[in-house]
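Here's the structure, in structure tokens; my notes come after.
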Amino acid sequence: MLASVASAVLAGVEGRPVSVEVHVSRGLPSYTVVGLPDASVRESRERVRAAFLSSDLAWPQTRVTVNIAPGGVRKSGSGLEAAVAIALLDAGGDLPSGTLDGVGVLGELGLDGSVRPIPGTLALVDALVQIGITTIVCPIENAEEAALVPGVTVRPARTLFELRDCMKGEAPWPAIPEPSVPDDDPDDGGDLGAVDAVDLGEVRGLSSARTALELAAAGAHHVLLVGPPGAGKTMLARRFGTILPALEPEEALEVTRIHSAAGVRIRGGLARRRPFCAPHHTISPAALVGGGTGRPSPGEVTLAHRGALFLDELGEFPARALEALRQPLEEGSVRISRQPTTLTFPAQFILIACSNPCPCGLPDAQCHCSDAQKIRYRRRLSPPLLDRFDLRLRVGATRADTPVGESSTVVAARVAAAVARQLHRFEHQPWRRNAHVPAGALDEMLPFTTDARDAWEAVCEEQLLTGRGAAIVRRVAATAADLDDESSIRPEHVVLAAAFRQDVP
């Protein structure tokens with residue numbers, strides 16, 4: 001007897017549909033898995049068998065061959081076990097004819113027969129829908145997430161025994177659990193993009209740095225803050241997430257899919273806040289940009305996609321990890337090559353970095369670092385990496401009696417208005433923010449006034465800007481114009497943008 005059921009596996013952060021085929025034939029009892037399975041898929045034999053016995057279901061005393069098609073693509077993960085079990089039941093004649101038509105099955109099996117949750121449900125269900133699957137059977141813990149995909153009927157499962165009875169029509173399907181976060185909650189979407197309960201209004205002084213962060217949030221520009229310890233760099237940067245605009249609907253689905261594939265439990269619907277990731281400076285290059293042995297996994301730059309990546313103490317990060325950032329900063333994606341395939345992880349994020357000018361960070365009069373120590377410290381930040389920061393500035397100490405600045409609510413409103421202008425301007429373009437406009441499209445998309453063009457050309461000549469640097473000044477000037485609600489770039493916007501191309505550290 002032969003049975004086949006649709007399922008899916010993860011390939012990076014995307015789902016890849018597969019067909020689980022089970023053939024039961026006469027012969028000595030055996031269980032063979034083919035189709036380039038990894039170790040976790042090969043181990044399914046013992047889990048599926050124990051789940052059958054724990055559910056009082058007869059284990060076939062025959063020759064069982066499990067093929068996971070297509071055979072030339074490597075399969076990984078334990079999310080195929082429920083599909084294998086259902087195909088075994090169908091091959092043994094335990095399910096009515098046609099039960100599996102248009103049905104996709106996802107889930108891991110426990111030894112006690114329970115159907116356990118799996119990562120990446122959103123991506124897996126989306127992949128199955130693309131091939132015409134209309135009904136998804138999945139663990140009850142993943143049902144809320146699976147229901148986020150439009151046009152699909154979700155059937156939750158708690159145990160293998162209950163699943164068999166429901167598919168035979170002998171028991172009703174369990175109800176999908178109610179969302180754990182109310183629909184009217186402004187933080188709907190769990191903690192995917194959650195930030196600490198902080199406010200920009202708590203920061204005193206640092207007016208230039210505040211302006212830089214506002215420009216970064218409005219135009220998606222990268223920022224480097226350099227200054228002595230205690231100046232407020234980290235305090236200010238950690239409040240960057242409070243002024244970022246809300247995710248657009250398609251961005252929310254994209255961010256939620258990425259975090260789901262990374263194993264984050266999805267509660268309360270799609271993400272609403274933009275991610276804010278802040279890895280420790282001991283992070284490895286693979287953990288930062290993605291990769292690893294076996295099945296490549298997304299790194300922090302992908303988890304920060306459509307949001308912000310905060311690197312505190314930038315000079316303490318391994319040089320190899322920092323250099324690995326150069327391509328994602330330029331292209332907005334990471335390509336991981338493993339035999340026999342290449343995976344592409346999205347990585348369009350805003351980089352916020354803080355650094356001391358030297359290992360001790362003290363002013364020149366108090367600095368105890370040797371020249372050799374300073375040279376080694378600064379070499380960790382290569383010129384090509386520094387050139388990719390749109391906004392670079394030094395941050396000085398602030399007096400304790402300096403008045404506090406504007407609150408996050410006030411700044412976020414200006415940022416949202418500037419972003420809306422950009423979304424309207426780039427409505428029919430593949431890019432959406434000023435920082436992403438290609439150099440060849442600057443004249444058409446970000447127009448100068450006559451005086452502003454003269455000012456820009458003078459800045460380029462005076463600062464000996466490279467082609468990238470000249471384009472960055474123009475993009476930042478356009479963001480300043482958007483914040484001022486201007487339809488074209490004026491000279492003062494160019495002057496402001498040029499002021500943030502300081503030579504640091």
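Quick note on naming: the chains in the structure tokens go A, B, ... in the order shown, residues restart at 1 in each chain, and ligands are numbered from 1 in order of appearance.
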Practice prompt. Based on DSSP run over this structure's backbone, return all residues of range 319-477 of chain A in helix (DSSP H, G or I), as a ChimeraX atom specification.
Written response: /A:319-323,326-331,371-379,383-387,408-425,434-436,439-445,450-462,467-477
Residues of range 421-469 of chain A that approach range 211-229 of chain A to 7 Å or less, counting only C-alpha atoms: could you list each one with the shortest pair of atoms and its distance in Å to one decimal, rows by chain and increasing residue number, as CSV?
residue,atom,partner,partner_atom,distance
A:Arg433,CA,A:Gly219,CA,5.6
A:Asn434,CA,A:Gly219,CA,5.1
A:Ala435,CA,A:Ala220,CA,5.6
If you run DSSP on the backbone, which residues of range 217-401 of chain A are strand (DSSP E or B), as a short mmCIF file (atom, residue, chain, number, x, y, z; two decimals) with all heavy atoms, in the first residue's frame?
data_model
loop_
_atom_site.label_atom_id
_atom_site.label_comp_id
_atom_site.auth_asym_id
_atom_site.auth_seq_id
_atom_site.Cartn_x
_atom_site.Cartn_y
_atom_site.Cartn_z
N VAL A 223 24.17 54.75 12.04
CA VAL A 223 24.72 55.78 12.92
C VAL A 223 25.86 55.21 13.75
O VAL A 223 25.76 54.10 14.28
CB VAL A 223 23.64 56.34 13.88
CG1 VAL A 223 24.22 57.47 14.73
CG2 VAL A 223 22.44 56.82 13.12
N LEU A 224 26.94 55.99 13.88
CA LEU A 224 28.05 55.66 14.77
C LEU A 224 28.25 56.82 15.75
O LEU A 224 28.49 57.95 15.33
CB LEU A 224 29.33 55.41 13.97
CG LEU A 224 30.61 55.22 14.80
CD1 LEU A 224 30.49 54.00 15.70
CD2 LEU A 224 31.82 55.11 13.89
N LEU A 225 28.16 56.51 17.05
CA LEU A 225 28.37 57.49 18.11
C LEU A 225 29.68 57.16 18.80
O LEU A 225 29.87 56.05 19.29
CB LEU A 225 27.22 57.46 19.12
CG LEU A 225 25.80 57.65 18.57
CD1 LEU A 225 24.79 57.52 19.70
CD2 LEU A 225 25.66 59.01 17.89
N VAL A 226 30.58 58.13 18.85
CA VAL A 226 31.89 57.94 19.49
C VAL A 226 32.03 58.96 20.61
O VAL A 226 31.81 60.17 20.40
CB VAL A 226 33.04 58.10 18.47
CG1 VAL A 226 34.38 57.96 19.16
CG2 VAL A 226 32.90 57.07 17.35
N PHE A 276 14.44 45.15 17.70
CA PHE A 276 15.60 45.87 18.22
C PHE A 276 16.52 44.84 18.86
O PHE A 276 16.25 44.33 19.94
CB PHE A 276 15.17 46.92 19.25
CG PHE A 276 16.29 47.81 19.73
CD1 PHE A 276 16.62 48.96 19.04
CD2 PHE A 276 17.02 47.48 20.87
CE1 PHE A 276 17.66 49.77 19.47
CE2 PHE A 276 18.06 48.28 21.31
CZ PHE A 276 18.37 49.44 20.61
N CYS A 277 17.60 44.50 18.16
CA CYS A 277 18.52 43.46 18.62
C CYS A 277 19.80 44.09 19.13
O CYS A 277 20.34 45.01 18.50
CB CYS A 277 18.84 42.49 17.48
SG CYS A 277 17.38 41.64 16.81
N GLY A 291 24.57 31.48 9.52
CA GLY A 291 25.38 30.36 9.07
C GLY A 291 25.42 29.28 10.11
O GLY A 291 24.39 28.93 10.69
N SER A 297 21.46 28.82 10.00
CA SER A 297 20.40 29.53 10.72
C SER A 297 20.62 31.03 10.61
O SER A 297 21.74 31.50 10.41
CB SER A 297 20.39 29.11 12.20
OG SER A 297 21.66 29.35 12.79
N ALA A 308 16.23 47.50 14.02
CA ALA A 308 17.53 48.09 14.36
C ALA A 308 18.43 47.04 14.99
O ALA A 308 17.97 46.17 15.74
CB ALA A 308 17.35 49.27 15.31
N LEU A 309 19.72 47.15 14.68
CA LEU A 309 20.76 46.33 15.31
C LEU A 309 21.67 47.27 16.08
O LEU A 309 22.29 48.17 15.49
CB LEU A 309 21.56 45.57 14.24
CG LEU A 309 22.72 44.72 14.75
CD1 LEU A 309 22.22 43.55 15.57
CD2 LEU A 309 23.58 44.23 13.59
N PHE A 310 21.74 47.09 17.40
CA PHE A 310 22.53 47.96 18.26
C PHE A 310 23.79 47.23 18.70
O PHE A 310 23.73 46.18 19.34
CB PHE A 310 21.71 48.37 19.49
CG PHE A 310 22.50 49.16 20.51
CD1 PHE A 310 23.38 50.15 20.13
CD2 PHE A 310 22.34 48.90 21.87
CE1 PHE A 310 24.11 50.86 21.06
CE2 PHE A 310 23.06 49.61 22.81
CZ PHE A 310 23.94 50.59 22.42
N LEU A 311 24.94 47.77 18.31
CA LEU A 311 26.23 47.21 18.70
C LEU A 311 26.91 48.18 19.66
O LEU A 311 27.47 49.20 19.24
CB LEU A 311 27.11 46.96 17.47
CG LEU A 311 26.54 46.02 16.41
CD1 LEU A 311 27.58 45.78 15.30
CD2 LEU A 311 26.11 44.69 17.01
N SER A 333 21.13 41.96 2.51
CA SER A 333 20.87 40.52 2.57
C SER A 333 22.18 39.80 2.86
O SER A 333 23.27 40.37 2.73
CB SER A 333 20.26 40.01 1.26
OG SER A 333 21.15 40.20 0.18
N VAL A 334 22.05 38.53 3.25
CA VAL A 334 23.20 37.67 3.53
C VAL A 334 23.04 36.39 2.74
O VAL A 334 21.98 35.75 2.80
CB VAL A 334 23.32 37.34 5.03
CG1 VAL A 334 24.49 36.40 5.28
CG2 VAL A 334 23.49 38.60 5.85
N ARG A 335 24.07 36.01 1.99
CA ARG A 335 24.03 34.75 1.23
C ARG A 335 24.97 33.74 1.89
O ARG A 335 26.16 33.99 2.04
CB ARG A 335 24.45 34.98 -0.23
CG ARG A 335 23.38 35.69 -1.05
CD ARG A 335 23.77 35.73 -2.52
NE ARG A 335 24.97 36.51 -2.74
CZ ARG A 335 24.99 37.83 -2.89
NH1 ARG A 335 23.86 38.51 -2.83
NH2 ARG A 335 26.13 38.48 -3.09
N ILE A 336 24.39 32.61 2.28
CA ILE A 336 25.13 31.54 2.92
C ILE A 336 25.20 30.37 1.95
O ILE A 336 24.16 29.82 1.55
CB ILE A 336 24.46 31.09 4.24
CG1 ILE A 336 24.25 32.29 5.17
CG2 ILE A 336 25.28 30.01 4.91
CD1 ILE A 336 25.52 32.92 5.67
N SER A 337 26.40 30.00 1.56
CA SER A 337 26.59 28.91 0.60
C SER A 337 27.01 27.64 1.34
O SER A 337 27.99 27.64 2.09
CB SER A 337 27.66 29.27 -0.43
OG SER A 337 27.23 30.37 -1.22
N ARG A 338 26.23 26.60 1.15
CA ARG A 338 26.54 25.28 1.67
C ARG A 338 26.27 24.27 0.57
O ARG A 338 25.26 24.37 -0.13
CB ARG A 338 25.67 24.95 2.90
CG ARG A 338 25.91 25.83 4.11
CD ARG A 338 27.24 25.50 4.77
NE ARG A 338 27.41 26.26 6.00
CZ ARG A 338 27.92 27.48 6.07
NH1 ARG A 338 28.30 28.09 4.95
NH2 ARG A 338 28.06 28.09 7.23
N THR A 341 23.56 23.84 -1.82
CA THR A 341 22.61 24.92 -2.05
C THR A 341 23.14 26.22 -1.47
O THR A 341 24.11 26.24 -0.72
CB THR A 341 21.25 24.58 -1.40
OG1 THR A 341 20.29 25.57 -1.75
CG2 THR A 341 21.37 24.54 0.11
N THR A 342 22.50 27.32 -1.85
CA THR A 342 22.81 28.64 -1.32
C THR A 342 21.52 29.26 -0.78
O THR A 342 20.49 29.27 -1.45
CB THR A 342 23.40 29.55 -2.42
OG1 THR A 342 24.62 29.00 -2.88
CG2 THR A 342 23.66 30.95 -1.88
N LEU A 343 21.59 29.75 0.45
CA LEU A 343 20.44 30.37 1.10
C LEU A 343 20.66 31.87 1.20
O LEU A 343 21.78 32.33 1.43
CB LEU A 343 20.22 29.78 2.49
CG LEU A 343 19.94 28.28 2.58
CD1 LEU A 343 19.85 27.85 4.04
CD2 LEU A 343 18.66 27.92 1.83
N THR A 344 19.59 32.63 1.04
CA THR A 344 19.65 34.08 1.17
C THR A 344 18.77 34.50 2.34
O THR A 344 17.57 34.22 2.36
CB THR A 344 19.18 34.77 -0.12
OG1 THR A 344 20.03 34.39 -1.21
CG2 THR A 344 19.25 36.29 0.03
N PHE A 345 19.38 35.17 3.31
CA PHE A 345 18.66 35.69 4.47
C PHE A 345 18.47 37.20 4.30
O PHE A 345 19.44 37.91 4.02
CB PHE A 345 19.43 35.43 5.77
CG PHE A 345 19.60 33.99 6.11
CD1 PHE A 345 20.87 33.44 6.26
CD2 PHE A 345 18.51 33.16 6.30
CE1 PHE A 345 21.04 32.11 6.58
CE2 PHE A 345 18.65 31.83 6.62
CZ PHE A 345 19.92 31.30 6.76
N PRO A 346 17.27 37.71 4.47
CA PRO A 346 17.08 39.17 4.42
C PRO A 346 17.78 39.84 5.60
O PRO A 346 17.81 39.30 6.71
CB PRO A 346 15.56 39.33 4.50
CG PRO A 346 15.07 38.10 5.18
CD PRO A 346 16.01 36.99 4.76
N ILE A 350 18.76 48.93 10.43
CA ILE A 350 19.47 50.17 10.76
C ILE A 350 20.51 49.82 11.82
O ILE A 350 20.18 49.29 12.88
CB ILE A 350 18.50 51.24 11.31
CG1 ILE A 350 17.39 51.52 10.31
CG2 ILE A 350 19.25 52.52 11.64
CD1 ILE A 350 16.30 52.44 10.86
N LEU A 351 21.75 50.11 11.53
CA LEU A 351 22.84 49.82 12.47
C LEU A 351 23.11 51.04 13.35
O LEU A 351 23.43 52.12 12.84
CB LEU A 351 24.11 49.43 11.70
CG LEU A 351 25.36 49.16 12.55
CD1 LEU A 351 25.10 48.04 13.55
CD2 LEU A 351 26.55 48.83 11.67
N ILE A 352 22.96 50.84 14.65
CA ILE A 352 23.29 51.87 15.63
C ILE A 352 24.48 51.35 16.43
O ILE A 352 24.39 50.29 17.07
CB ILE A 352 22.11 52.15 16.58
CG1 ILE A 352 20.84 52.46 15.78
CG2 ILE A 352 22.44 53.30 17.52
CD1 ILE A 352 20.92 53.70 14.94
N ALA A 353 25.60 52.05 16.38
CA ALA A 353 26.81 51.58 17.04
C ALA A 353 27.38 52.66 17.94
O ALA A 353 27.30 53.85 17.64
CB ALA A 353 27.86 51.16 16.00
N CYS A 354 27.94 52.22 19.07
CA CYS A 354 28.59 53.12 20.01
C CYS A 354 30.01 52.63 20.26
O CYS A 354 30.26 51.42 20.33
CB CYS A 354 27.84 53.18 21.33
SG CYS A 354 26.16 53.83 21.22
N SER A 355 30.94 53.57 20.39
CA SER A 355 32.33 53.19 20.58
C SER A 355 33.06 54.25 21.38
O SER A 355 32.70 55.44 21.35
CB SER A 355 33.02 52.98 19.23
OG SER A 355 34.39 52.67 19.40
N LEU A 391 25.83 58.40 9.28
CA LEU A 391 25.92 59.47 10.28
C LEU A 391 27.01 59.09 11.28
O LEU A 391 26.91 58.07 11.96
CB LEU A 391 24.59 59.66 11.00
CG LEU A 391 23.36 59.90 10.09
CD1 LEU A 391 22.08 59.70 10.86
CD2 LEU A 391 23.42 61.29 9.50
N ARG A 392 28.04 59.94 11.37
CA ARG A 392 29.14 59.69 12.29
C ARG A 392 29.40 60.96 13.08
O ARG A 392 29.58 62.03 12.50
CB ARG A 392 30.41 59.29 11.53
CG ARG A 392 30.21 58.12 10.58
CD ARG A 392 31.52 57.70 9.93
NE ARG A 392 32.22 58.81 9.31
CZ ARG A 392 32.78 58.74 8.10
NH1 ARG A 392 32.66 57.65 7.38
NH2 ARG A 392 33.42 59.77 7.60
N LEU A 393 29.43 60.84 14.40
CA LEU A 393 29.64 62.05 15.21
C LEU A 393 30.24 61.69 16.55
O LEU A 393 30.10 60.56 17.04
CB LEU A 393 28.34 62.81 15.41
CG LEU A 393 27.26 62.16 16.29
CD1 LEU A 393 26.37 63.24 16.89
CD2 LEU A 393 26.42 61.20 15.48
N ARG A 394 30.91 62.67 17.13
CA ARG A 394 31.47 62.53 18.47
C ARG A 394 30.47 63.05 19.49
O ARG A 394 29.80 64.06 19.26
CB ARG A 394 32.79 63.29 18.59
CG ARG A 394 33.94 62.66 17.80
CD ARG A 394 35.23 63.39 18.03
NE ARG A 394 36.34 62.76 17.33
CZ ARG A 394 37.08 61.79 17.84
NH1 ARG A 394 36.83 61.36 19.08
NH2 ARG A 394 38.06 61.24 17.15
#
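All residues of protein, DNA or RNA that reach within 9 Å of Ala157 in chain A, judged by only C-alpha atoms and not counting those fewer than 3 positions away in the chain, are Gly107, Ser114, Val115, Arg116, Val137, Cys138, Pro139, Ile140, Glu141, Ala143, Leu160, Glu162, Leu163, Cys166, Trp173 and Pro174 of chain A.
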Worksheet item: So which residues touch Asp451 in chain A within 9 Å, counting only C-alpha atoms, skipping near sequence neighbours fewer than 4 positions away, as a list in words?
Response: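 Selected residues are Ala455, Trp456, Arg490 and Pro491 of chain A.
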Hey, can you spit out that residue selection with N, CA, C and O atoms as a compact mmCIF listing (two decimals), in the first residue's frame?
# COMPACT_ATOMS: atom_id res chain seq x y z
N ALA A 455 25.78 73.80 -2.95
CA ALA A 455 26.31 73.50 -1.61
C ALA A 455 26.81 72.06 -1.54
O ALA A 455 27.86 71.78 -0.95
N TRP A 456 26.08 71.15 -2.15
CA TRP A 456 26.46 69.73 -2.14
C TRP A 456 27.77 69.52 -2.90
O TRP A 456 28.66 68.81 -2.44
N ARG A 490 17.18 71.60 0.47
CA ARG A 490 17.65 72.96 0.56
C ARG A 490 19.08 73.00 1.10
O ARG A 490 19.57 71.99 1.64
N PRO A 491 19.78 74.16 0.97
CA PRO A 491 21.19 74.23 1.40
C PRO A 491 21.39 73.84 2.86
O PRO A 491 22.38 73.18 3.20
Per residue of range 238-341 of chain A within 10 Å of range 375-381 of chain A, record the nearest atom pair and its distance in Å to one decimal, counting only C-alpha atoms, with rows in chain order and ascending residue number, as a Markdown table.
| residue | atom | partner | partner_atom | distance |
| --- | --- | --- | --- | --- |
| A:Leu314 | CA | A:Leu381 | CA | 8.2 |
| A:Gly315 | CA | A:Arg380 | CA | 6.2 |
| A:Glu316 | CA | A:Tyr377 | CA | 8.1 |
| A:Phe317 | CA | A:Arg380 | CA | 8.0 |
| A:Pro318 | CA | A:Arg380 | CA | 7.6 |
| A:Ala319 | CA | A:Arg380 | CA | 5.1 |
| A:Arg320 | CA | A:Arg380 | CA | 8.7 |
| A:Ala321 | CA | A:Arg380 | CA | 9.9 |
| A:Leu322 | CA | A:Leu381 | CA | 7.5 |
| A:Glu323 | CA | A:Leu381 | CA | 8.3 |
Discussion item. So that I can check the surroundings of range 78-85 of chain A, please list as a ChimeraX atom specification every protein, DNA and RNA residue that reaches within 6 Å of it, counting only C-alpha atoms and ignoring chain neighbours fewer than 4 positions away.
Written reply: /A:40-41,105-109
Discussion item. When you look at range 471-478 of chain A with a cut-off of 7 Å (counting only C-alpha atoms), what residues show up, excluding the ones that are within fewer than 3 positions of it in the same chain? I need them as a PyMOL selection string.
Written reply: chain A and resi 390+434-435+439+446+467-468+481-482+489+493-494+497-498
Take the residues just selected and output them with N, CA and C atoms as a compact mmCIF listing (two decimals), in the first residue's frame.
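Below is the file that was written, selection-v7.txt:
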# COMPACT_ATOMS: atom_id res chain seq x y z
N ASP A 390 26.21 56.20 7.64
CA ASP A 390 25.71 57.45 7.05
C ASP A 390 25.93 58.64 7.98
N ASN A 434 14.83 56.54 2.14
CA ASN A 434 15.87 57.34 1.48
C ASN A 434 17.22 56.63 1.45
N ALA A 435 17.56 55.93 2.53
CA ALA A 435 18.87 55.28 2.59
C ALA A 435 19.04 54.18 1.56
N ALA A 439 22.25 55.09 -6.24
CA ALA A 439 22.89 56.34 -6.63
C ALA A 439 22.39 56.85 -7.98
N LEU A 446 15.29 62.39 -5.48
CA LEU A 446 15.61 63.31 -4.39
C LEU A 446 16.13 64.62 -4.98
N GLY A 467 32.47 58.44 -3.97
CA GLY A 467 31.15 58.37 -4.58
C GLY A 467 30.10 57.93 -3.58
N ARG A 468 30.44 56.96 -2.71
CA ARG A 468 29.48 56.54 -1.69
C ARG A 468 29.21 57.65 -0.70
N ALA A 481 15.09 67.04 4.76
CA ALA A 481 14.02 67.77 4.09
C ALA A 481 12.66 67.15 4.40
N ASP A 482 12.59 65.83 4.46
CA ASP A 482 11.33 65.17 4.80
C ASP A 482 10.89 65.51 6.21
N ILE A 489 15.42 69.36 -1.54
CA ILE A 489 16.54 69.52 -0.63
C ILE A 489 17.06 70.95 -0.69
N HIS A 493 19.85 71.72 4.59
CA HIS A 493 19.79 70.26 4.74
C HIS A 493 21.12 69.63 4.35
N VAL A 494 21.75 70.16 3.31
CA VAL A 494 23.06 69.66 2.89
C VAL A 494 24.11 69.93 3.97
N ALA A 497 23.64 67.43 6.81
CA ALA A 497 24.10 66.09 6.44
C ALA A 497 25.61 66.02 6.40
N ALA A 498 26.26 67.06 5.89
CA ALA A 498 27.74 67.06 5.82
C ALA A 498 28.36 67.12 7.22
Item to complete: Can you work out which one of A:Arg45, A:Arg295, A:Arg501, A:Lys168 has the shortest atom-to-atom distance to Ser76 in chain A, counting only C-alpha atoms?
Response: A:Arg295
Fill in: Two-atom distance - CA of Ala123 in chain A, CA of Val255 in chain A (Å)
10.9 Å
Fill in: Best match for closeness to Glu300 in chain A among A:Thr159, A:Val415, A:Phe349, A:Thr134, counting only C-alpha atoms
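Selected residue with least distance to Glu300 in chain A: A:Phe349.
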Discussion item. Applying 9 Å and only C-alpha atoms, which residues near Leu148 in chain A remain after dropping the ones on its own chain fewer than 5 positions away? List them as a list of chain:residue names.
Written reply: A:Leu122, A:Ala143, A:Leu253, A:Gly269, A:Leu270
Worksheet entry | Interatomic distance (Å, one decimal) between CA of Glu457 in chain A and CA of Asp443 in chain A | 13.4 Å
Could you list, with a cut-off of 6 Å and counting only C-alpha atoms, the residues of range 374-415 of chain A near range 202-207 of chain A, each shown with its nearest atom pair and the distance in Å rounded to one decimal, rows sorted by chain and ascending number, as JSON lines?
{"residue": "A:Thr402", "atom": "CA", "partner": "A:Arg204", "partner_atom": "CA", "distance": 5.7}
{"residue": "A:Pro403", "atom": "CA", "partner": "A:Arg204", "partner_atom": "CA", "distance": 5.7}
{"residue": "A:Val404", "atom": "CA", "partner": "A:Arg204", "partner_atom": "CA", "distance": 4.3}
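Checking A:Arg49, A:Arg63, A:Arg74, A:Arg158 one by one against Gly35 in chain A, counting only C-alpha atoms, you find the shortest gap at A:Arg74.
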